[in-house]
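Student: This one is target03.tsv, TSV, C-alpha atoms.
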chain	number	residue	atom	x	y	z
A	28	MET	CA	56.54	-54.92	-13.18
A	29	THR	CA	59.26	-57.14	-11.78
A	30	VAL	CA	58.47	-60.34	-9.90
A	31	GLU	CA	59.75	-58.69	-6.73
A	32	SER	CA	57.37	-55.75	-7.07
A	33	ILE	CA	54.42	-58.06	-7.84
A	34	LEU	CA	55.25	-60.13	-4.75
A	35	SER	CA	55.51	-56.99	-2.63
A	36	GLU	CA	52.07	-55.86	-3.78
A	37	ALA	CA	50.60	-59.34	-3.31
A	38	MET	CA	51.86	-59.59	0.26
A	39	ALA	CA	50.57	-56.12	1.06
A	40	LYS	CA	47.11	-57.14	-0.16
A	41	HIS	CA	47.36	-60.38	1.79
A	42	ARG	CA	48.18	-58.57	5.05
A	43	THR	CA	45.33	-56.12	4.65
A	44	GLY	CA	42.75	-58.83	3.97
A	45	ASN	CA	42.36	-58.42	0.19
A	46	LEU	CA	42.63	-62.16	-0.38
A	47	ASP	CA	41.22	-62.17	-3.90
A	48	GLY	CA	43.70	-59.53	-5.02
A	49	ALA	CA	46.60	-61.31	-3.35
A	50	GLU	CA	45.63	-64.65	-4.88
A	51	THR	CA	45.53	-63.18	-8.38
A	52	LEU	CA	49.04	-61.75	-7.99
A	53	TYR	CA	50.48	-64.91	-6.42
A	54	LYS	CA	49.16	-66.92	-9.36
A	55	GLU	CA	50.62	-64.38	-11.78
A	56	ILE	CA	54.06	-64.97	-10.25
A	57	LEU	CA	53.62	-68.74	-10.44
A	58	SER	CA	52.77	-68.45	-14.12
A	59	ILE	CA	56.26	-66.98	-14.53
A	60	ASP	CA	58.03	-69.26	-12.04
A	61	PRO	CA	55.90	-72.30	-11.07
A	62	GLY	CA	58.52	-73.44	-8.57
A	63	ASP	CA	58.87	-70.32	-6.39
A	64	PRO	CA	58.66	-71.88	-2.89
A	65	ASP	CA	57.82	-68.67	-1.02
A	66	VAL	CA	54.89	-67.93	-3.32
A	67	LEU	CA	53.68	-71.53	-3.19
A	68	ASN	CA	53.75	-71.34	0.60
A	69	LEU	CA	51.99	-67.96	0.74
A	70	LEU	CA	49.29	-69.11	-1.66
A	71	GLY	CA	48.89	-72.23	0.47
A	72	VAL	CA	48.42	-70.09	3.59
A	73	LEU	CA	45.83	-68.03	1.72
A	74	SER	CA	44.00	-71.19	0.66
A	75	LEU	CA	44.00	-72.34	4.29
A	76	GLN	CA	42.46	-69.02	5.32
A	77	CYS	CA	39.74	-69.61	2.70
A	78	ASP	CA	39.14	-73.14	4.08
A	79	ARG	CA	40.34	-74.79	0.85
A	80	LEU	CA	42.29	-77.37	2.79
A	81	GLU	CA	43.16	-79.86	0.04
A	82	GLU	CA	44.48	-77.09	-2.18
A	83	ALA	CA	46.41	-75.55	0.73
A	84	GLY	CA	48.11	-78.85	1.49
A	85	GLN	CA	49.11	-79.42	-2.12
A	86	LEU	CA	50.63	-75.94	-2.47
A	87	ILE	CA	52.61	-76.06	0.76
A	88	ARG	CA	53.89	-79.57	0.00
A	89	ARG	CA	55.15	-78.26	-3.35
A	90	ALA	CA	57.00	-75.49	-1.48
A	91	ILE	CA	58.56	-78.07	0.86
A	92	ASN	CA	59.61	-80.24	-2.09
A	93	VAL	CA	61.49	-77.25	-3.54
A	94	ASP	CA	63.06	-76.19	-0.23
A	95	PRO	CA	62.57	-78.55	2.74
A	96	THR	CA	64.78	-76.42	5.05
A	97	ILE	CA	62.23	-73.68	5.83
A	98	ALA	CA	60.62	-74.23	9.23
A	99	GLU	CA	57.59	-72.06	8.48
A	100	TYR	CA	56.61	-74.24	5.50
A	101	HIS	CA	56.39	-77.30	7.76
A	102	TYR	CA	54.50	-75.31	10.40
A	103	ASN	CA	51.95	-74.16	7.81
A	104	LEU	CA	51.52	-77.72	6.55
A	105	ALA	CA	50.90	-78.81	10.15
A	106	GLU	CA	48.15	-76.17	10.42
A	107	VAL	CA	46.49	-77.61	7.31
A	108	LEU	CA	46.76	-81.17	8.60
A	109	ARG	CA	45.36	-80.12	11.94
A	110	SER	CA	42.37	-78.51	10.23
A	111	GLN	CA	41.83	-81.74	8.29
A	112	GLY	CA	41.76	-83.75	11.52
A	113	GLU	CA	45.07	-85.50	10.73
A	114	ALA	CA	46.49	-85.25	14.25
A	115	ASP	CA	49.44	-87.66	13.88
A	116	ALA	CA	50.60	-86.11	10.60
A	117	ALA	CA	50.20	-82.61	12.04
A	118	GLN	CA	52.37	-83.49	15.04
A	119	LYS	CA	55.06	-84.80	12.69
A	120	SER	CA	55.08	-81.55	10.70
A	121	TYR	CA	55.14	-79.39	13.86
A	122	ARG	CA	58.15	-81.39	15.08
A	123	GLN	CA	59.85	-81.02	11.70
A	124	SER	CA	59.42	-77.24	11.88
A	125	LEU	CA	60.94	-77.21	15.38
A	126	GLU	CA	63.92	-79.31	14.25
A	127	LEU	CA	64.63	-76.60	11.67
A	128	ASN	CA	63.87	-73.69	14.03
A	129	PRO	CA	63.74	-74.56	17.75
A	130	GLN	CA	62.71	-70.95	18.52
A	131	LEU	CA	59.43	-71.20	16.62
A	132	GLU	CA	57.31	-70.70	19.74
A	133	ILE	CA	53.93	-70.94	18.05
A	134	ALA	CA	54.84	-74.40	16.72
A	135	LYS	CA	55.75	-75.47	20.27
A	136	ASP	CA	52.44	-74.17	21.59
A	137	HIS	CA	50.30	-75.74	18.88
A	138	LEU	CA	52.14	-79.06	19.16
A	139	ALA	CA	51.62	-79.09	22.92
A	140	SER	CA	47.95	-78.21	22.50
A	141	LEU	CA	47.42	-80.89	19.85
A	142	THR	CA	49.06	-83.55	22.02
A	143	GLN	CA	46.31	-83.07	24.60
A	144	SER	CA	43.58	-84.03	22.14
A	145	VAL	CA	45.12	-87.24	20.82
A	146	PRO	CA	43.39	-90.34	22.24
A	147	GLY	CA	45.73	-92.70	24.04
A	148	VAL	CA	48.15	-90.12	25.41
A	149	PRO	CA	48.59	-91.05	29.10
A	150	MET	CA	47.32	-88.48	31.58
A	151	ALA	CA	50.77	-88.34	33.16
A	152	ASP	CA	52.15	-87.05	29.86
A	153	ARG	CA	49.55	-84.27	29.51
A	154	HIS	CA	50.57	-80.85	30.72
A	155	PRO	CA	48.04	-78.47	32.29
A	156	LEU	CA	46.38	-76.58	29.47
A	157	LYS	CA	47.13	-72.88	29.11
A	158	ARG	CA	44.36	-70.43	28.40
A	159	PHE	CA	45.43	-69.71	24.81
A	160	GLU	CA	45.59	-73.45	24.09
A	161	VAL	CA	41.96	-73.81	25.14
A	162	VAL	CA	41.05	-70.75	23.07
A	163	GLN	CA	42.80	-72.08	19.95
A	164	ALA	CA	41.31	-75.55	20.35
A	165	VAL	CA	37.80	-74.09	20.39
A	166	ILE	CA	38.57	-71.76	17.46
A	167	ASP	CA	39.84	-74.67	15.40
A	168	ARG	CA	36.87	-76.88	16.19
A	169	ILE	CA	34.08	-74.37	15.52
A	170	LYS	CA	36.04	-72.80	12.64
A	171	ALA	CA	35.77	-69.40	14.29
A	172	LYS	CA	36.53	-66.46	12.02
A	173	THR	CA	36.08	-63.52	14.42
A	174	TYR	CA	37.93	-63.52	17.76
A	175	LEU	CA	37.49	-60.91	20.49
A	176	GLU	CA	39.74	-60.66	23.55
A	177	ILE	CA	38.86	-58.45	26.50
A	178	GLY	CA	41.99	-57.72	28.55
A	179	ILE	CA	44.98	-58.28	26.26
A	180	ASP	CA	47.60	-56.99	28.76
A	181	SER	CA	51.02	-58.23	27.54
A	182	GLY	CA	49.45	-60.22	24.71
A	183	GLU	CA	50.34	-63.71	25.97
A	184	SER	CA	47.07	-65.06	24.60
A	185	PHE	CA	46.34	-62.60	21.81
A	186	VAL	CA	49.55	-62.97	19.79
A	187	ASN	CA	49.45	-66.77	20.04
A	188	ILE	CA	45.92	-67.04	18.67
A	189	SER	CA	45.33	-67.75	15.00
A	190	ALA	CA	42.02	-66.48	13.60
A	191	GLU	CA	41.02	-64.55	10.50
A	192	ARG	CA	39.86	-61.47	12.40
A	193	LYS	CA	41.21	-60.60	15.85
A	194	TYR	CA	40.15	-57.70	18.06
A	195	GLY	CA	41.79	-56.90	21.39
A	196	VAL	CA	40.52	-54.49	24.02
A	197	ASP	CA	42.43	-53.12	27.01
A	198	PRO	CA	42.42	-49.69	28.70
A	199	VAL	CA	46.23	-49.50	28.91
A	200	PRO	CA	48.82	-50.39	26.24
A	201	THR	CA	51.77	-52.37	27.59
A	202	SER	CA	55.31	-51.86	26.38
A	203	GLU	CA	55.88	-55.63	26.58
A	204	LEU	CA	53.19	-56.31	23.98
A	205	ILE	CA	54.29	-53.48	21.70
A	206	ASN	CA	57.92	-54.58	21.87
A	207	ARG	CA	56.91	-58.16	21.13
A	208	LEU	CA	55.01	-57.09	18.04
A	209	LEU	CA	57.75	-54.81	16.78
A	210	GLN	CA	60.35	-57.56	17.12
A	211	ASN	CA	58.47	-59.48	14.44
A	212	VAL	CA	58.58	-56.84	11.72
A	213	GLY	CA	61.38	-55.09	9.86
A	214	ILE	CA	60.85	-51.39	10.50
A	215	SER	CA	61.90	-49.24	7.55
A	216	PHE	CA	60.45	-45.88	8.64
A	217	PHE	CA	59.24	-44.30	11.89
A	218	LYS	CA	58.23	-40.77	12.81
A	219	TYR	CA	56.19	-38.92	15.37
A	220	ALA	CA	54.90	-35.38	15.39
A	221	SER	CA	52.56	-33.21	17.41
A	222	VAL	CA	49.11	-32.65	15.92
A	223	GLY	CA	46.99	-29.59	16.63
A	224	SER	CA	47.17	-27.44	19.71
A	225	ASN	CA	46.06	-29.98	22.31
A	226	GLY	CA	49.41	-31.75	22.53
A	227	ALA	CA	48.27	-34.91	20.70
A	228	ILE	CA	51.00	-37.00	19.09
A	229	GLN	CA	50.64	-38.80	15.77
A	230	ILE	CA	52.82	-41.85	15.15
A	231	ALA	CA	53.58	-43.29	11.71
A	232	LEU	CA	55.29	-46.64	11.18
A	233	ASN	CA	56.18	-48.54	8.02
A	234	ALA	CA	57.48	-52.10	7.97
A	235	THR	CA	59.15	-54.23	5.35
A	236	ASN	CA	56.92	-56.47	3.23
A	237	THR	CA	57.59	-59.70	5.09
A	238	LEU	CA	55.11	-61.97	6.79
A	239	PRO	CA	56.47	-62.89	10.25
A	240	GLY	CA	57.24	-66.58	10.38
A	241	ASN	CA	56.66	-67.03	14.11
A	242	MET	CA	53.30	-65.28	14.48
A	243	PRO	CA	49.87	-66.25	13.13
A	244	VAL	CA	48.82	-64.59	9.89
A	245	ASN	CA	45.49	-62.82	10.27
A	246	GLU	CA	43.23	-60.97	7.90
A	247	ILE	CA	42.70	-58.32	10.61
A	248	SER	CA	44.34	-57.68	13.99
A	249	GLU	CA	43.16	-54.54	15.75
A	250	PHE	CA	43.78	-53.18	19.23
A	251	TYR	CA	41.41	-50.82	21.03
A	252	TYR	CA	43.00	-49.14	24.03
A	253	GLU	CA	39.89	-48.16	25.95
A	254	THR	CA	37.50	-49.67	28.47
A	255	SER	CA	35.42	-52.62	27.37
A	256	ASP	CA	32.25	-50.65	28.17
A	257	LEU	CA	33.29	-47.95	25.70
A	258	PHE	CA	34.31	-50.52	23.09
A	259	PHE	CA	30.96	-52.32	23.24
A	260	ALA	CA	29.04	-49.05	23.10
A	261	GLN	CA	30.97	-47.33	20.29
A	262	HIS	CA	32.80	-49.88	18.13
A	263	ALA	CA	31.21	-53.32	18.50
A	264	PRO	CA	27.91	-52.44	16.74
A	265	LEU	CA	29.82	-51.54	13.56
A	266	LEU	CA	32.58	-54.15	13.76
A	267	PHE	CA	30.27	-57.09	14.40
A	268	LYS	CA	27.18	-56.03	12.47
A	269	ASP	CA	27.81	-58.39	9.55
A	270	LYS	CA	30.52	-60.61	11.05
A	271	PRO	CA	29.53	-61.49	14.62
A	272	VAL	CA	31.92	-62.74	17.26
A	273	ASP	CA	32.57	-66.48	17.04
A	274	LEU	CA	34.76	-66.67	20.11
A	275	ALA	CA	35.21	-64.11	22.88
A	276	PHE	CA	37.82	-64.48	25.61
A	277	VAL	CA	37.10	-62.40	28.72
A	278	ASP	CA	40.27	-61.84	30.74
A	279	GLY	CA	39.96	-58.19	31.75
A	280	LEU	CA	39.23	-56.61	35.09
A	281	HIS	CA	38.90	-59.60	37.44
A	282	THR	CA	35.85	-58.43	39.32
A	283	TYR	CA	32.48	-60.12	39.46
A	284	GLN	CA	30.47	-57.12	38.25
A	285	GLN	CA	32.73	-56.17	35.33
A	286	THR	CA	33.26	-59.74	34.17
A	287	TYR	CA	29.53	-60.41	34.17
A	288	LEU	CA	28.96	-57.17	32.25
A	289	ASP	CA	31.66	-58.10	29.69
A	290	VAL	CA	30.05	-61.51	29.15
A	291	ALA	CA	26.57	-59.97	28.84
A	292	ASN	CA	27.86	-57.45	26.29
A	293	ALA	CA	29.73	-60.14	24.34
A	294	LEU	CA	26.54	-62.22	24.17
A	295	ASP	CA	24.85	-59.35	22.32
A	296	PHE	CA	27.36	-59.75	19.46
A	297	LEU	CA	27.92	-63.52	19.59
A	298	SER	CA	27.11	-65.73	16.60
A	299	GLN	CA	24.50	-68.44	17.09
A	300	THR	CA	27.20	-71.13	17.45
A	301	GLY	CA	29.69	-68.84	19.20
A	302	VAL	CA	31.48	-69.50	22.48
A	303	ILE	CA	32.62	-67.23	25.31
A	304	LEU	CA	35.60	-68.25	27.44
A	305	MET	CA	36.41	-66.60	30.77
A	306	HIS	CA	39.68	-66.69	32.73
A	307	GLY	CA	40.13	-66.88	36.49
A	308	CYS	CA	36.90	-68.70	37.39
A	309	ASN	CA	38.42	-71.23	39.84
A	310	PRO	CA	40.67	-69.42	42.34
A	311	PRO	CA	43.02	-71.88	44.11
A	312	LYS	CA	42.85	-70.25	47.54
A	313	GLU	CA	41.22	-67.44	49.49
A	314	ALA	CA	43.99	-64.89	48.92
A	315	SER	CA	43.73	-65.31	45.14
A	316	ALA	CA	39.95	-64.77	45.30
A	317	PHE	CA	40.07	-61.58	47.37
A	318	PRO	CA	37.83	-58.90	45.81
A	319	ALA	CA	39.75	-55.86	44.58
A	320	PRO	CA	39.54	-53.34	41.73
A	321	SER	CA	42.76	-54.63	40.14
A	322	TRP	CA	45.82	-56.84	40.62
A	323	LYS	CA	47.92	-53.81	41.60
A	324	THR	CA	45.43	-52.90	44.30
A	325	ALA	CA	45.31	-56.46	45.59
A	326	ALA	CA	49.11	-56.63	45.70
A	327	LYS	CA	49.20	-53.59	48.00
A	328	MET	CA	46.55	-54.87	50.42
A	329	HIS	CA	48.86	-57.25	52.35
A	330	ILE	CA	46.34	-60.07	52.00
A	331	PRO	CA	47.26	-63.07	54.20
A	332	GLY	CA	48.62	-65.85	51.99
A	333	TRP	CA	49.16	-63.54	49.00
A	334	ASP	CA	51.56	-65.06	46.46
A	335	GLY	CA	50.84	-62.92	43.39
A	336	ARG	CA	48.23	-65.23	41.89
A	337	TRP	CA	44.96	-63.33	41.67
A	338	CYS	CA	41.60	-64.22	40.15
A	339	GLY	CA	39.41	-61.82	42.09
A	340	ASP	CA	35.74	-62.77	42.46
A	341	VAL	CA	35.21	-63.66	38.79
A	342	TRP	CA	33.76	-66.98	39.96
A	343	LYS	CA	30.61	-65.17	41.08
A	344	SER	CA	29.84	-64.29	37.47
A	345	ILE	CA	29.63	-68.04	36.76
A	346	VAL	CA	27.16	-68.35	39.63
A	347	ARG	CA	25.05	-65.50	38.27
A	348	LEU	CA	24.99	-66.90	34.74
A	349	ARG	CA	23.95	-70.31	36.02
A	350	ALA	CA	21.29	-68.77	38.26
A	351	THR	CA	19.73	-66.32	35.82
A	352	ARG	CA	20.29	-67.52	32.25
A	353	GLY	CA	18.20	-70.53	31.29
A	354	ASP	CA	19.29	-70.10	27.67
A	355	LEU	CA	22.98	-70.74	28.30
A	356	ARG	CA	25.11	-73.74	29.06
A	357	VAL	CA	27.88	-72.84	31.52
A	358	PHE	CA	30.74	-74.85	33.01
A	359	VAL	CA	34.33	-74.33	34.17
A	360	LEU	CA	37.38	-76.29	33.03
A	361	ASP	CA	39.79	-77.05	35.87
A	362	CYS	CA	42.93	-75.64	34.25
A	363	ASP	CA	44.87	-72.33	34.30
A	364	PHE	CA	42.89	-70.96	37.30
A	365	GLY	CA	39.59	-72.03	35.78
A	366	ILE	CA	38.42	-71.42	32.21
A	367	GLY	CA	34.70	-70.66	32.12
A	368	VAL	CA	32.83	-71.84	29.03
A	369	VAL	CA	29.57	-70.17	28.01
A	370	TYR	CA	27.47	-70.84	24.92
A	371	LYS	CA	23.86	-70.88	23.82
A	372	GLY	CA	22.03	-74.06	24.75
A	373	GLN	CA	20.11	-75.99	27.35
A	374	PRO	CA	21.87	-75.76	30.74
A	375	GLU	CA	22.92	-78.95	32.52
A	376	GLY	CA	21.43	-77.51	35.68
A	377	THR	CA	20.70	-74.16	37.27
A	378	LEU	CA	21.42	-72.61	40.65
A	379	ASP	CA	18.62	-71.39	42.89
A	380	ILE	CA	20.15	-68.24	44.30
A	381	SER	CA	19.14	-64.59	44.09
A	382	ILE	CA	21.38	-61.79	42.81
A	383	PRO	CA	21.58	-60.15	46.30
A	384	ASP	CA	22.65	-63.51	47.75
A	385	ILE	CA	25.30	-63.87	45.06
A	386	GLU	CA	26.76	-60.54	46.19
A	387	ASN	CA	27.13	-61.95	49.72
A	388	LEU	CA	28.80	-65.22	48.75
A	389	THR	CA	32.26	-65.76	50.26
A	390	TYR	CA	35.23	-67.91	49.34
A	391	ALA	CA	34.16	-70.30	52.09
A	392	ASP	CA	30.89	-70.85	50.21
A	393	LEU	CA	32.85	-71.64	47.04
A	394	GLN	CA	35.17	-73.97	48.88
A	395	LYS	CA	32.28	-75.99	50.33
A	396	ASN	CA	30.45	-76.42	47.01
A	397	ARG	CA	33.07	-75.75	44.35
A	398	GLU	CA	32.16	-78.49	41.89
A	399	ARG	CA	28.41	-77.87	42.10
A	400	ILE	CA	28.60	-74.05	42.08
A	401	LEU	CA	30.99	-73.86	39.12
A	402	ASN	CA	29.82	-76.98	37.29
A	403	LEU	CA	33.53	-77.79	37.45
A	404	LYS	CA	34.94	-80.22	34.87
A	405	PRO	CA	38.41	-81.81	34.54
A	406	GLN	CA	40.49	-80.26	31.77
A	407	ASP	CA	40.05	-83.33	29.55
A	408	TYR	CA	36.34	-82.55	29.39
A	409	LEU	CA	37.36	-79.92	26.82
A	410	TYR	CA	37.67	-82.66	24.21
A	411	GLU	CA	34.28	-84.13	25.05
A	412	PHE	CA	32.84	-80.63	24.68
A	413	LEU	CA	34.62	-80.11	21.34
A	414	ARG	CA	33.19	-83.33	19.97
A	415	THR	CA	29.70	-81.84	20.41
A	416	LYS	CA	30.60	-78.71	18.43
A	417	CYS	CA	30.23	-79.18	14.67
Mind turning this structure into C-alpha cells?
Tutor:
Amino acid sequence: MTVESILSEAMAKHRTGNLDGAETLYKEILSIDPGDPDVLNLLGVLSLQCDRLEEAGQLIRRAINVDPTIAEYHYNLAEVLRSQGEADAAQKSYRQSLELNPQLEIAKDHLASLTQSVPGVPMADRHPLKRFEVVQAVIDRIKAKTYLEIGIDSGESFVNISAERKYGVDPVPTSELINRLLQNVGISFFKYASVGSNGAIQIALNATNTLPGNMPVNEISEFYYETSDLFFAQHAPLLFKDKPVDLAFVDGLHTYQQTYLDVANALDFLSQTGVILMHGCNPPKEASAFPAPSWKTAAKMHIPGWDGRWCGDVWKSIVRLRATRGDLRVFVLDCDFGIGVVYKGQPEGTLDISIPDIENLTYADLQKNRERILNLKPQDYLYEFLRTKC
C-alpha cells in the first residue's frame, strides 16, 4: 500500500471512532516518514482524545516545527494546553492560529471563552458568555465524553462543541445546519433514490478523506430528527447504557412542561458527576416570557413589547426542580437569557411551593423575587462552580 492509501484508511478509522486502528496506521506512516507534519498532527489529536496530553503536545509541536504555517496545528496545540490548565500558553497558540487563518471561528470562540476564566482579566474586558461557551467550559472541566443536546435548531451550539461523542435531537432538520455541515466536507459523490412503494427517499453521500480544520473532531456525532420524548423512549436506553451522558444541554421547546420533562428524562441517563444545562431560564422582560407552544406561535400573537427574543416559561422548570428535588443542586447563570445548571448534590436551598401553585406563577412573581426564585448567579460564578468540579 502507498502512504497515501494508508493515510486515507487511517483517517477513515479515526473519523468512525476506531482510534486503536487509526493509531496503528498513523505510526506505520511515521515509521516510513518520521517528519510528516499532517500525520504528526493527526496522531497528536488522537492522543488528546485519549487524554494522553503530554504525548499529544509533543506530537503537535513536532508538526509545528516542520510546518509552522498551518493554523489548525496551532489550534490543536492550544486545545492540549487548555486541557493541561496552561491558560496563558493556550491563548498564545489560539492567537497564532488566528494570525494564520482569521476565519478559524472555533479558535475565536475558544479564545474568547478561555479569556473569561483567566484571573485578573478586568470585568469591563469580559464579554457576556454565550451558551456554547458555558457548555464547552463545563465539558472541559469535568472531562465529559458524552454530550447530548436537545433542540439543535441551526446548530449554533452543537457544531461549536468539542466532545468525543455528541448526540443532537430536534424534530425538524434545518437547511442552515445541513448547509453549514456540508460546507466543511469535500463531497465526491451524492445520489438519492426512492425506496419501496411508500414514497420514501434514500440519500447517499460520500466525502473526501479530510478532517475539517474549522470544526471539532469527534468520535461520534449523530443527529436524531424526532421529538425528545421519542428519543428518550427508543434510543437513549441503548445509546447511554454503557456510556452515560456527562453533559446534557436542554434548549428545545421553550415551555415549562416540556423543559421539565426533558431534564427529568436526561437525569435518568446522566452519569454520577454529570451536569445538565438549560437555556432561556432568565427572560429579560414579560414579552419574552410569554407562554406559547413555539417561537413561531409567539411571533404571531402580537404580544405587547415583542422584539423577537423569546424564552417562554422555561423559568418555571427551575422553580419546580428547586421545589421538588432535594437531591439536586440548581442555579441559574445570568448570561445569554439565563443558563440553568443542574447536577446531583445537596441543594443550597429549596422553594416551598406546590406544583399547582407553580402552574399559576406569573412573570410578575418572577420579577419580584427573581434572584431567590432562580438562585440567580452572576456569570463569573461559573468559574467558582468549575473549581468545585474535579
Student: Which value, in Å to one decimal, gives the distance between atom CA of Ile380 of chain A and atom CA of Asn292 of chain A?
Tutor: 22.4 Å
Student: Near Arg88 of chain A, within 9 Å and counting only C-alpha atoms, which residues show up once chain neighbours fewer than 6 positions away are dropped, as a list in words?
Tutor: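 The residues satisfying every condition are Leu67, Asn68, Gly71, Tyr100, His101 and Leu104 of chain A.
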Student: Could the residues in this selection be written to a file with C-alpha atoms, as a JSON list (two decimals), in the coordinates of the input?
Tutor:
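Written out: result37.json:
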[["chain", "number", "residue", "atom", "x", "y", "z"],
["A", 67, "LEU", "CA", 53.68, -71.53, -3.19],
["A", 68, "ASN", "CA", 53.75, -71.34, 0.60],
["A", 71, "GLY", "CA", 48.89, -72.23, 0.47],
["A", 100, "TYR", "CA", 56.61, -74.24, 5.50],
["A", 101, "HIS", "CA", 56.39, -77.30, 7.76],
["A", 104, "LEU", "CA", 51.52, -77.72, 6.55]]
Student: Residues within 10 Å of segment 108-122 of chain A, please, as a PyMOL selection string. Count only C-alpha atoms; anything in the same chain fewer than 6 positions from it doesn't count.
Tutor: chain A and resi 75+78+80-81+83-84+98-102+128-129+131+133-139+141-142+144-146+167-168+170
Student: Select, from A:Phe250, A:Tyr53, A:Phe412, A:Phe216, the residue with the minimum atom-to-atom distance to Tyr174 of chain A, counting only C-alpha atoms.
Tutor: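 For Tyr174 of chain A, the nearest of the given residues is A:Phe250.
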Student: Using all atoms listed in the file, which residue out of A:Leu73, A:Ala260, A:Val162, A:Ile366 lies closest to Pro405 of chain A?
Tutor: A:Ile366
Student: Just how far from atom CA of Cys308 of chain A is atom CA of Leu403 of chain A, in Å to one decimal?
Tutor: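 Those two atoms sit 9.7 Å apart.
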Student: Within 7 Å of Ala316 of chain A, counting only C-alpha atoms, which residues show up once you throw out same-chain ones fewer than 2 positions away? Write them as an NGL selection string, please.
Tutor: :A and (310 or 312-314 or 318 or 337-340 or 390)
Student: Smallest atom-to-atom distance to Gly332 of chain A: which of A:Asn206, A:Ser315, A:Ser344, A:Thr173, using all atoms listed in the file?
Tutor: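 Of all the options, A:Ser315 lies closest to Gly332 of chain A.
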Student: May I have the residues within 9 Å of Arg158 of chain A as a compact mmCIF listing (two decimals) with C-alpha atoms, in the coordinates of the input, using all atoms listed in the file and disregarding those fewer than 5 positions away in the same chain?
Tutor:
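Result file follows (part_17.txt):
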# COMPACT_ATOMS: atom_id res chain seq x y z
CA GLN A 163 42.80 -72.08 19.95
CA SER A 184 47.07 -65.06 24.60
CA HIS A 306 39.68 -66.69 32.73
CA CYS A 362 42.93 -75.64 34.25
CA ASP A 363 44.87 -72.33 34.30
CA GLY A 365 39.59 -72.03 35.78
CA ILE A 366 38.42 -71.42 32.21
Student: For Leu355 of chain A, which residue out of A:Gln406, A:Gln229, A:Gln299, A:Ser381 is the nearest one, using all atoms listed in the file?
Tutor: A:Gln299
Student: Using all atoms listed in the file, which residues sit within 9 Å of Asp379 of chain A once same-chain residues fewer than 6 positions away are excluded, as a VMD selection string?
Tutor: chain A and resid 349 to 351
Student: Let me make sure I understand: among A:Phe258, A:Tyr283, A:Phe185, A:Tyr219, which one has the smallest atom-to-atom distance to Leu204 of chain A if we use all atoms listed in the file?
Tutor: A:Phe185
Student: Expressed in Å to a single decimal, how great is the separation between atom CA of Ile205 of chain A and atom CA of Gly182 of chain A?
Tutor: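 Result for atom CA of Ile205 of chain A versus atom CA of Gly182 of chain A: 8.8 Å, one decimal.
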Student: Taking only C-alpha atoms into account, which of A:Arg192, A:Lys54, A:His329, A:Lys40 comes nearest Gln76 of chain A?
Tutor: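 The closest residue to Gln76 of chain A is A:Arg192.
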Student: Box for segment 51-57 of chain A: with edges along x, y and z, all listed atoms inside and 8 Å added on each side, what are the centre and edge lengths in Å to one decimal, as AutoDock Vina command-line options?
Tutor:
--center_x 49.8 --center_y -65.2 --center_z -9.1 --size_x 24.5 --size_y 23.0 --size_z 21.4
